[in-house]
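> Contents of my_file_30.tsv (TSV, C-alpha atoms):
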```tsv
chain	number	residue	atom	x	y	z
T	1	MET	CA	101.85	38.39	11.92
T	2	SER	CA	101.32	34.80	10.78
T	3	VAL	CA	101.85	32.42	7.89
T	4	LEU	CA	99.52	29.48	7.23
T	5	VAL	CA	99.90	26.53	4.86
T	6	ASN	CA	97.04	24.55	3.38
T	7	PHE	CA	98.59	21.09	3.55
T	8	LYS	CA	95.57	19.67	1.70
T	9	ILE	CA	97.09	21.05	-1.50
T	10	CYS	CA	100.77	21.45	-0.48
T	11	ASP	CA	103.17	18.59	-1.19
T	12	ASN	CA	105.28	19.58	1.82
T	13	ALA	CA	108.51	19.32	-0.15
T	14	LYS	CA	112.01	20.38	0.83
T	15	GLU	CA	112.25	22.27	-2.47
T	16	CYS	CA	109.47	24.69	-1.42
T	17	GLY	CA	110.21	28.19	-2.69
T	18	GLY	CA	108.63	29.71	0.40
T	19	VAL	CA	111.42	28.30	2.54
T	20	GLU	CA	114.05	29.76	0.23
T	21	VAL	CA	112.70	33.32	0.26
T	22	CYS	CA	111.79	33.73	3.95
T	23	PRO	CA	114.21	36.40	5.27
T	24	VAL	CA	113.74	35.59	8.96
T	25	GLY	CA	113.49	31.78	9.10
T	26	ALA	CA	109.80	31.75	10.02
T	27	PHE	CA	109.26	29.36	7.14
T	28	SER	CA	111.79	26.54	7.18
T	29	TRP	CA	112.43	22.86	6.47
T	30	ASP	CA	113.08	20.32	9.23
T	31	ASP	CA	115.43	17.61	7.91
T	32	GLU	CA	114.82	15.32	10.86
T	33	LYS	CA	111.01	15.40	10.67
T	34	GLU	CA	111.01	15.89	6.88
T	35	THR	CA	108.39	18.61	6.97
T	36	ILE	CA	107.89	22.34	6.52
T	37	VAL	CA	108.00	24.14	9.86
T	38	LEU	CA	106.27	27.44	10.67
T	39	ASP	CA	107.47	29.73	13.45
T	40	ASN	CA	104.98	32.58	13.59
T	41	GLU	CA	106.92	34.24	16.41
T	42	LYS	CA	109.45	35.16	13.72
T	43	CYS	CA	107.00	35.99	10.91
T	44	ILE	CA	107.07	39.64	9.79
T	45	SER	CA	104.19	39.26	7.30
T	46	CYS	CA	106.36	40.33	4.37
T	47	GLY	CA	104.40	38.06	2.03
T	48	LEU	CA	107.40	36.77	0.08
T	49	CYS	CA	106.52	33.13	0.74
T	50	GLU	CA	102.93	33.68	-0.37
T	51	LYS	CA	104.08	35.21	-3.68
T	52	GLU	CA	106.51	32.32	-4.22
T	53	CYS	CA	103.85	29.58	-3.94
T	54	PRO	CA	102.50	28.76	-7.43
T	55	ILE	CA	99.36	27.03	-6.14
T	56	GLY	CA	98.20	29.38	-3.39
T	57	ALA	CA	98.85	26.96	-0.53
T	58	ILE	CA	100.80	29.57	1.48
T	59	ARG	CA	98.84	32.46	2.95
T	60	VAL	CA	100.02	35.34	5.11
T	61	ALA	CA	97.73	37.04	7.62
T	62	LYS	CA	98.43	40.57	8.79
T	63	THR	CA	95.75	40.69	11.49
T	64	GLU	CA	94.16	38.24	13.91
T	65	GLU	CA	90.86	38.59	12.07
T	66	GLU	CA	92.52	37.77	8.75
T	67	TYR	CA	94.28	34.79	10.34
T	68	GLU	CA	90.98	33.32	11.56
T	69	LYS	CA	89.36	33.90	8.15
T	70	ILE	CA	92.17	32.12	6.28
T	71	LYS	CA	92.24	29.30	8.83
T	72	GLN	CA	88.50	28.75	8.34
T	73	GLU	CA	88.92	28.72	4.53
T	74	ILE	CA	91.58	26.01	4.89
T	75	ASP	CA	89.42	24.00	7.28
T	76	ASP	CA	86.49	24.22	4.85
T	77	ASP	CA	88.54	23.24	1.78
T	78	PRO	CA	86.97	19.97	0.54
T	79	ARG	CA	90.15	18.71	-1.10
T	80	THR	CA	92.19	16.00	0.61
T	81	THR	CA	95.82	14.89	0.56
T	82	LYS	CA	94.63	11.62	-0.97
T	83	ASP	CA	93.67	13.58	-4.11
T	84	LEU	CA	97.04	15.33	-4.11
T	85	PHE	CA	99.46	12.49	-3.54
T	86	VAL	CA	99.43	10.65	-6.85
T	87	ASP	CA	102.48	10.36	-9.10
T	88	ARG	CA	102.70	13.17	-11.60
T	89	TYR	CA	104.87	14.22	-14.54
T	90	GLY	CA	107.44	16.77	-13.39
T	91	ALA	CA	106.79	16.29	-9.68
T	92	ALA	CA	108.81	14.41	-7.09
T	93	PRO	CA	108.41	10.61	-7.35
T	94	LEU	CA	106.06	9.25	-4.71
T	95	SER	CA	105.91	5.55	-5.49
T	96	GLU	CA	108.85	3.21	-5.85
T	97	PHE	CA	106.76	1.44	-8.49
T	98	PHE	CA	107.63	4.03	-11.13
T	99	MET	CA	111.28	4.52	-10.16
T	100	ILE	CA	114.17	2.95	-12.07
T	101	ASP	CA	117.91	3.55	-12.28
T	102	ALA	CA	119.42	5.01	-15.43
T	103	SER	CA	121.16	1.68	-16.01
T	104	ASP	CA	117.75	-0.06	-16.20
T	105	ILE	CA	116.42	1.93	-19.17
T	106	SER	CA	117.67	-0.51	-21.82
T	107	ASP	CA	115.85	-3.40	-20.13
T	108	LYS	CA	112.60	-1.53	-19.49
T	109	ILE	CA	112.17	-0.36	-23.09
T	110	LYS	CA	112.15	-3.95	-24.41
T	111	ASN	CA	108.46	-4.04	-23.53
T	112	LYS	CA	106.11	-4.86	-26.40
T	113	GLY	CA	104.02	-1.73	-26.78
T	114	LEU	CA	104.54	1.81	-25.49
T	115	THR	CA	107.01	2.72	-22.77
T	116	PHE	CA	107.43	6.23	-21.38
T	117	ILE	CA	110.55	7.20	-19.45
T	118	GLU	CA	110.40	10.50	-17.58
T	119	CYS	CA	113.92	11.90	-17.14
T	120	TYR	CA	114.30	14.43	-14.36
T	121	LYS	CA	116.85	16.25	-12.23
T	122	ASP	CA	116.44	17.37	-8.62
T	123	ASP	CA	116.21	21.01	-9.68
T	124	SER	CA	113.44	20.27	-12.20
T	125	ILE	CA	110.96	19.07	-9.54
T	126	GLN	CA	107.70	21.06	-9.41
T	127	CYS	CA	104.69	21.17	-7.06
T	128	LEU	CA	102.33	18.21	-7.16
T	129	LEU	CA	99.13	20.20	-7.51
T	130	LYS	CA	100.17	21.99	-10.69
T	131	SER	CA	101.67	18.85	-12.28
T	132	ILE	CA	99.87	16.33	-14.54
T	133	PRO	CA	98.90	12.96	-13.01
T	134	ILE	CA	100.59	10.12	-14.87
T	135	LYS	CA	97.32	8.21	-15.18
T	136	GLU	CA	95.84	11.11	-17.14
T	137	LEU	CA	98.64	10.87	-19.69
T	138	THR	CA	98.09	7.18	-20.34
T	139	VAL	CA	94.32	6.80	-19.85
T	140	ASP	CA	93.52	6.74	-23.61
T	141	LEU	CA	96.50	4.59	-24.58
T	142	ASP	CA	96.84	0.81	-24.66
T	143	HIS	CA	96.40	-0.76	-21.21
T	144	ASP	CA	99.90	-2.24	-21.36
T	145	THR	CA	101.59	1.19	-21.69
T	146	LEU	CA	104.39	1.46	-19.13
T	147	PHE	CA	105.63	4.60	-17.37
T	148	TYR	CA	108.89	5.00	-15.46
T	149	LYS	CA	110.78	7.84	-13.78
T	150	VAL	CA	114.56	8.10	-13.77
T	151	GLU	CA	116.96	10.63	-12.29
T	152	VAL	CA	119.27	11.11	-15.24
T	153	ASP	CA	123.04	10.95	-15.43
T	154	GLU	CA	125.35	12.43	-18.06
T	155	GLU	CA	125.30	9.24	-20.11
T	156	VAL	CA	121.52	9.39	-20.56
T	157	ILE	CA	121.63	13.13	-21.26
T	158	ASP	CA	124.20	12.61	-24.01
T	159	LYS	CA	122.56	9.53	-25.49
T	160	TYR	CA	119.17	11.21	-25.95
T	161	ASP	CA	120.49	14.74	-26.47
T	162	LEU	CA	118.47	16.18	-23.59
T	163	TYR	CA	118.40	19.91	-22.96
T	164	ALA	CA	115.36	20.58	-20.75
T	165	PHE	CA	113.97	18.74	-17.74
T	166	PRO	CA	111.81	16.95	-17.18
T	167	SER	CA	111.90	15.16	-20.54
T	168	LEU	CA	109.64	12.34	-21.65
T	169	LEU	CA	111.30	9.64	-23.77
T	170	ILE	CA	108.86	7.60	-25.84
T	171	PHE	CA	109.55	4.03	-27.00
T	172	LYS	CA	107.47	1.47	-28.84
T	173	ASP	CA	108.38	-2.21	-29.13
T	174	GLY	CA	111.89	-1.34	-27.99
T	175	LYS	CA	112.37	1.39	-30.60
T	176	TYR	CA	113.01	5.01	-29.62
T	177	LEU	CA	110.32	7.23	-31.20
T	178	GLY	CA	111.18	10.65	-29.81
T	179	LYS	CA	110.92	12.95	-26.81
T	180	VAL	CA	108.94	15.82	-25.37
T	181	GLU	CA	111.15	18.19	-23.39
T	182	GLY	CA	110.23	20.60	-20.65
T	183	TYR	CA	107.67	20.93	-17.89
T	184	TYR	CA	103.95	21.14	-18.61
T	185	THR	CA	101.53	22.37	-15.96
T	186	ASN	CA	98.19	20.67	-15.43
T	187	ASP	CA	96.39	23.38	-17.39
T	188	LYS	CA	98.64	22.59	-20.39
T	189	LYS	CA	97.85	18.87	-20.23
T	190	ASP	CA	96.08	18.82	-23.61
T	191	ASP	CA	99.10	20.44	-25.31
T	192	PHE	CA	101.40	17.87	-23.72
T	193	ILE	CA	99.22	14.93	-24.76
T	194	GLU	CA	99.05	16.32	-28.31
T	195	GLU	CA	102.85	16.42	-28.43
T	196	ILE	CA	102.96	12.78	-27.27
T	197	TYR	CA	100.45	11.66	-29.90
T	198	GLN	CA	102.33	13.45	-32.67
T	199	ILE	CA	105.38	11.34	-31.82
T	200	ILE	CA	103.45	8.08	-31.41
T	201	GLU	CA	101.53	8.49	-34.68
T	202	LYS	CA	104.48	9.44	-36.92
```
Just give me the structure as structure tokens.

Amino acid sequence: MSVLVNFKICDNAKECGGVEVCPVGAFSWDDEKETIVLDNEKCISCGLCEKECPIGAIRVAKTEEEYEKIKQEIDDDPRTTKDLFVDRYGAAPLSEFFMIDASDISDKIKNKGLTFIECYKDDSIQCLLKSIPIKELTVDLDHDTLFYKVEVDEEVIDKYDLYAFPSLLIFKDGKYLGKVEGYYTNDKKDDFIEEIYQIIEK
């Protein structure tokens, strides 16, 4: 009958899996408006989009009563988009502040202290809500620790022997210390931080 999206926890990204799996186009992406579009006249309540969403932002109602119940739950959700839209490891870049070109890496790592470079590809982008906020990765490190995001090219991939994305390159005083490869969800944050510290403290 109807599909609903809780945009308080949805990053409204073009890469949304719900758009990809919808068999009737009820759930689609509007390039001009840059937003997810719902057409409940087309929805057949198959539930594929709901199963595809890793954070539970997409819900499918099969009855009018269920629709009203879900709508009320979304309205009552205390979370806000302000909490959601912070830059995160493995998620789409939000702020130009963190973004650099691959050609800038050599200059950025000259910083005295720690520098993190997150290397990503378009197809490695994950949902914001399940990704780790950058500030939580650096909160216990020196205040001058720098963090950048870069969409990698083949030269960077070859230079640092990268196999999985995203990958976090770690530098100190201009020296390459090592890398942590692969995506870590927010509930694996402690494991990710432990991997980082193992490299830093070698």
> Find the residue from T:Ala13, T:Ile55, T:Ile117, T:Leu177 that sits nearest to Ile105 of chain T; use only C-alpha atoms when measuring.
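Comparing T:Ala13, T:Ile55, T:Ile117, T:Leu177 against Ile105 of chain T, the winner is T:Ile117.
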> With all atoms listed in the file as the counted atoms, please give the residues lying no more than 6 Å from segment 126-135 of chain T, apart from itself and same-chain residues fewer than 5 positions off, as a PyMOL selection string.
chain T and resi 87-91+185-186
> Could the residues in this selection be saved with C-alpha atoms as a compact mmCIF listing (two decimals), keeping the file's coordinate frame?

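Okay, this is what ended up in selection08.txt:
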```
# COMPACT_ATOMS: atom_id res chain seq x y z
CA ASP T 87 102.48 10.36 -9.10
CA ARG T 88 102.70 13.17 -11.60
CA TYR T 89 104.87 14.22 -14.54
CA GLY T 90 107.44 16.77 -13.39
CA ALA T 91 106.79 16.29 -9.68
CA THR T 185 101.53 22.37 -15.96
CA ASN T 186 98.19 20.67 -15.43
```
> Which neighbours of segment 32-37 of chain T fall inside 12 Å, counting only C-alpha atoms, when residues of the same chain fewer than 3 positions from it are skipped, and could you give them as a ChimeraX atom specification?
/T:3-7,10-20,22,25-29,40,42-43,58
> If you measure from atom CA of Asp153 of chain T to atom CA of Ile199 of chain T, what distance in Å do you get, rounded to one decimal?
24.1 Å
> Give me the box for segment 84-100 of chain T as AutoDock Vina command-line options, namely the centre and edge lengths in Å to one decimal of a box along x, y and z that holds every listed atom plus 6 Å on each side.

```
--center_x 105.6 --center_y 9.1 --center_z -9.0 --size_x 29.1 --size_y 27.3 --size_z 23.0
```
> Using only C-alpha atoms, which residue out of T:Val86, T:Ile170, T:Ala102, T:Ile200 lies closest to Glu154 of chain T?
T:Ala102
> Counting all atoms listed in the file, which residues come within 12 Å of (99.1, 35.3, 4.3), with the point read in the file's coordinates, and could you list them as a PDB file with C-alpha atoms, in the coordinates of the input?

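Contents of the output file result-v2.pdb:
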```
ATOM      1  CA  MET T   1     101.850  38.390  11.920  1.00  0.00           C
ATOM      2  CA  SER T   2     101.320  34.800  10.780  1.00  0.00           C
ATOM      3  CA  VAL T   3     101.850  32.420   7.890  1.00  0.00           C
ATOM      4  CA  LEU T   4      99.520  29.480   7.230  1.00  0.00           C
ATOM      5  CA  VAL T   5      99.900  26.530   4.860  1.00  0.00           C
ATOM      6  CA  ASN T   6      97.040  24.550   3.380  1.00  0.00           C
ATOM      7  CA  GLY T  18     108.630  29.710   0.400  1.00  0.00           C
ATOM      8  CA  ASN T  40     104.980  32.580  13.590  1.00  0.00           C
ATOM      9  CA  CYS T  43     107.000  35.990  10.910  1.00  0.00           C
ATOM     10  CA  ILE T  44     107.070  39.640   9.790  1.00  0.00           C
ATOM     11  CA  SER T  45     104.190  39.260   7.300  1.00  0.00           C
ATOM     12  CA  CYS T  46     106.360  40.330   4.370  1.00  0.00           C
ATOM     13  CA  GLY T  47     104.400  38.060   2.030  1.00  0.00           C
ATOM     14  CA  LEU T  48     107.400  36.770   0.080  1.00  0.00           C
ATOM     15  CA  CYS T  49     106.520  33.130   0.740  1.00  0.00           C
ATOM     16  CA  GLU T  50     102.930  33.680  -0.370  1.00  0.00           C
ATOM     17  CA  LYS T  51     104.080  35.210  -3.680  1.00  0.00           C
ATOM     18  CA  GLU T  52     106.510  32.320  -4.220  1.00  0.00           C
ATOM     19  CA  CYS T  53     103.850  29.580  -3.940  1.00  0.00           C
ATOM     20  CA  GLY T  56      98.200  29.380  -3.390  1.00  0.00           C
ATOM     21  CA  ALA T  57      98.850  26.960  -0.530  1.00  0.00           C
ATOM     22  CA  ILE T  58     100.800  29.570   1.480  1.00  0.00           C
ATOM     23  CA  ARG T  59      98.840  32.460   2.950  1.00  0.00           C
ATOM     24  CA  VAL T  60     100.020  35.340   5.110  1.00  0.00           C
ATOM     25  CA  ALA T  61      97.730  37.040   7.620  1.00  0.00           C
ATOM     26  CA  LYS T  62      98.430  40.570   8.790  1.00  0.00           C
ATOM     27  CA  THR T  63      95.750  40.690  11.490  1.00  0.00           C
ATOM     28  CA  GLU T  64      94.160  38.240  13.910  1.00  0.00           C
ATOM     29  CA  GLU T  65      90.860  38.590  12.070  1.00  0.00           C
ATOM     30  CA  GLU T  66      92.520  37.770   8.750  1.00  0.00           C
ATOM     31  CA  TYR T  67      94.280  34.790  10.340  1.00  0.00           C
ATOM     32  CA  GLU T  68      90.980  33.320  11.560  1.00  0.00           C
ATOM     33  CA  LYS T  69      89.360  33.900   8.150  1.00  0.00           C
ATOM     34  CA  ILE T  70      92.170  32.120   6.280  1.00  0.00           C
ATOM     35  CA  LYS T  71      92.240  29.300   8.830  1.00  0.00           C
ATOM     36  CA  ILE T  74      91.580  26.010   4.890  1.00  0.00           C
TER      37      ILE T  74
END
```
> Nearest residue to Asp107 of chain T out of T:Asp173, T:Glu136, T:Asp142, T:Glu155, using all atoms listed in the file?
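Closest to Asp107 of chain T of all the choices is T:Asp173.
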> Considering all atoms listed in the file, return as a PDB file with C-alpha atoms, keeping the file's coordinate frame whatever protein or nucleic-acid residues lie within 10 Å of Val150 of chain T, sequence-local ones (same chain, fewer than 5 positions apart) excluded.

```pdb
ATOM      1  CA  PRO T  93     108.410  10.610  -7.350  1.00  0.00           C
ATOM      2  CA  PHE T  98     107.630   4.030 -11.130  1.00  0.00           C
ATOM      3  CA  MET T  99     111.280   4.520 -10.160  1.00  0.00           C
ATOM      4  CA  ILE T 100     114.170   2.950 -12.070  1.00  0.00           C
ATOM      5  CA  ASP T 101     117.910   3.550 -12.280  1.00  0.00           C
ATOM      6  CA  ALA T 102     119.420   5.010 -15.430  1.00  0.00           C
ATOM      7  CA  SER T 103     121.160   1.680 -16.010  1.00  0.00           C
ATOM      8  CA  ASP T 104     117.750  -0.060 -16.200  1.00  0.00           C
ATOM      9  CA  ILE T 105     116.420   1.930 -19.170  1.00  0.00           C
ATOM     10  CA  ILE T 117     110.550   7.200 -19.450  1.00  0.00           C
ATOM     11  CA  GLU T 118     110.400  10.500 -17.580  1.00  0.00           C
ATOM     12  CA  CYS T 119     113.920  11.900 -17.140  1.00  0.00           C
ATOM     13  CA  TYR T 120     114.300  14.430 -14.360  1.00  0.00           C
ATOM     14  CA  LYS T 121     116.850  16.250 -12.230  1.00  0.00           C
ATOM     15  CA  VAL T 156     121.520   9.390 -20.560  1.00  0.00           C
ATOM     16  CA  PRO T 166     111.810  16.950 -17.180  1.00  0.00           C
TER      17      PRO T 166
END
```
> Given the choices T:Phe171, T:Glu41, T:Glu194, T:Lys149, which gets closest to Glu96 of chain T if the distance is worked out from only C-alpha atoms?
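Closest to Glu96 of chain T, using only C-alpha atoms: T:Lys149.
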> Rounded to one decimal, what separation in Å do you get between atom CA of Ile193 of chain T and atom CA of Lys8 of chain T?
27.1 Å
> Taking all atoms listed in the file into account, which of T:Leu146, T:Val21, T:Leu137, T:Val152 comes nearest Lys189 of chain T?
T:Leu137
> Rank T:Arg79, T:His143, T:Lys159, T:Lys172 by their smallest atom-to-atom distance to Lys108 of chain T, using all atoms listed in the file, and report the top residue only.
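Closest to Lys108 of chain T of all the choices is T:Lys172.
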> Would you work out the distance separating atom CA of Ala92 of chain T from atom CA of Asp77 of chain T, expressed in Å to one decimal?
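Value for the atom CA of Ala92 of chain T-atom CA of Asp77 of chain T distance: 23.8 Å.
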> Mind listing as a ChimeraX atom specification all residues within 9 Å of (117.1, 24.3, -20.7), counting only C-alpha atoms?
/T:162-165,181-182
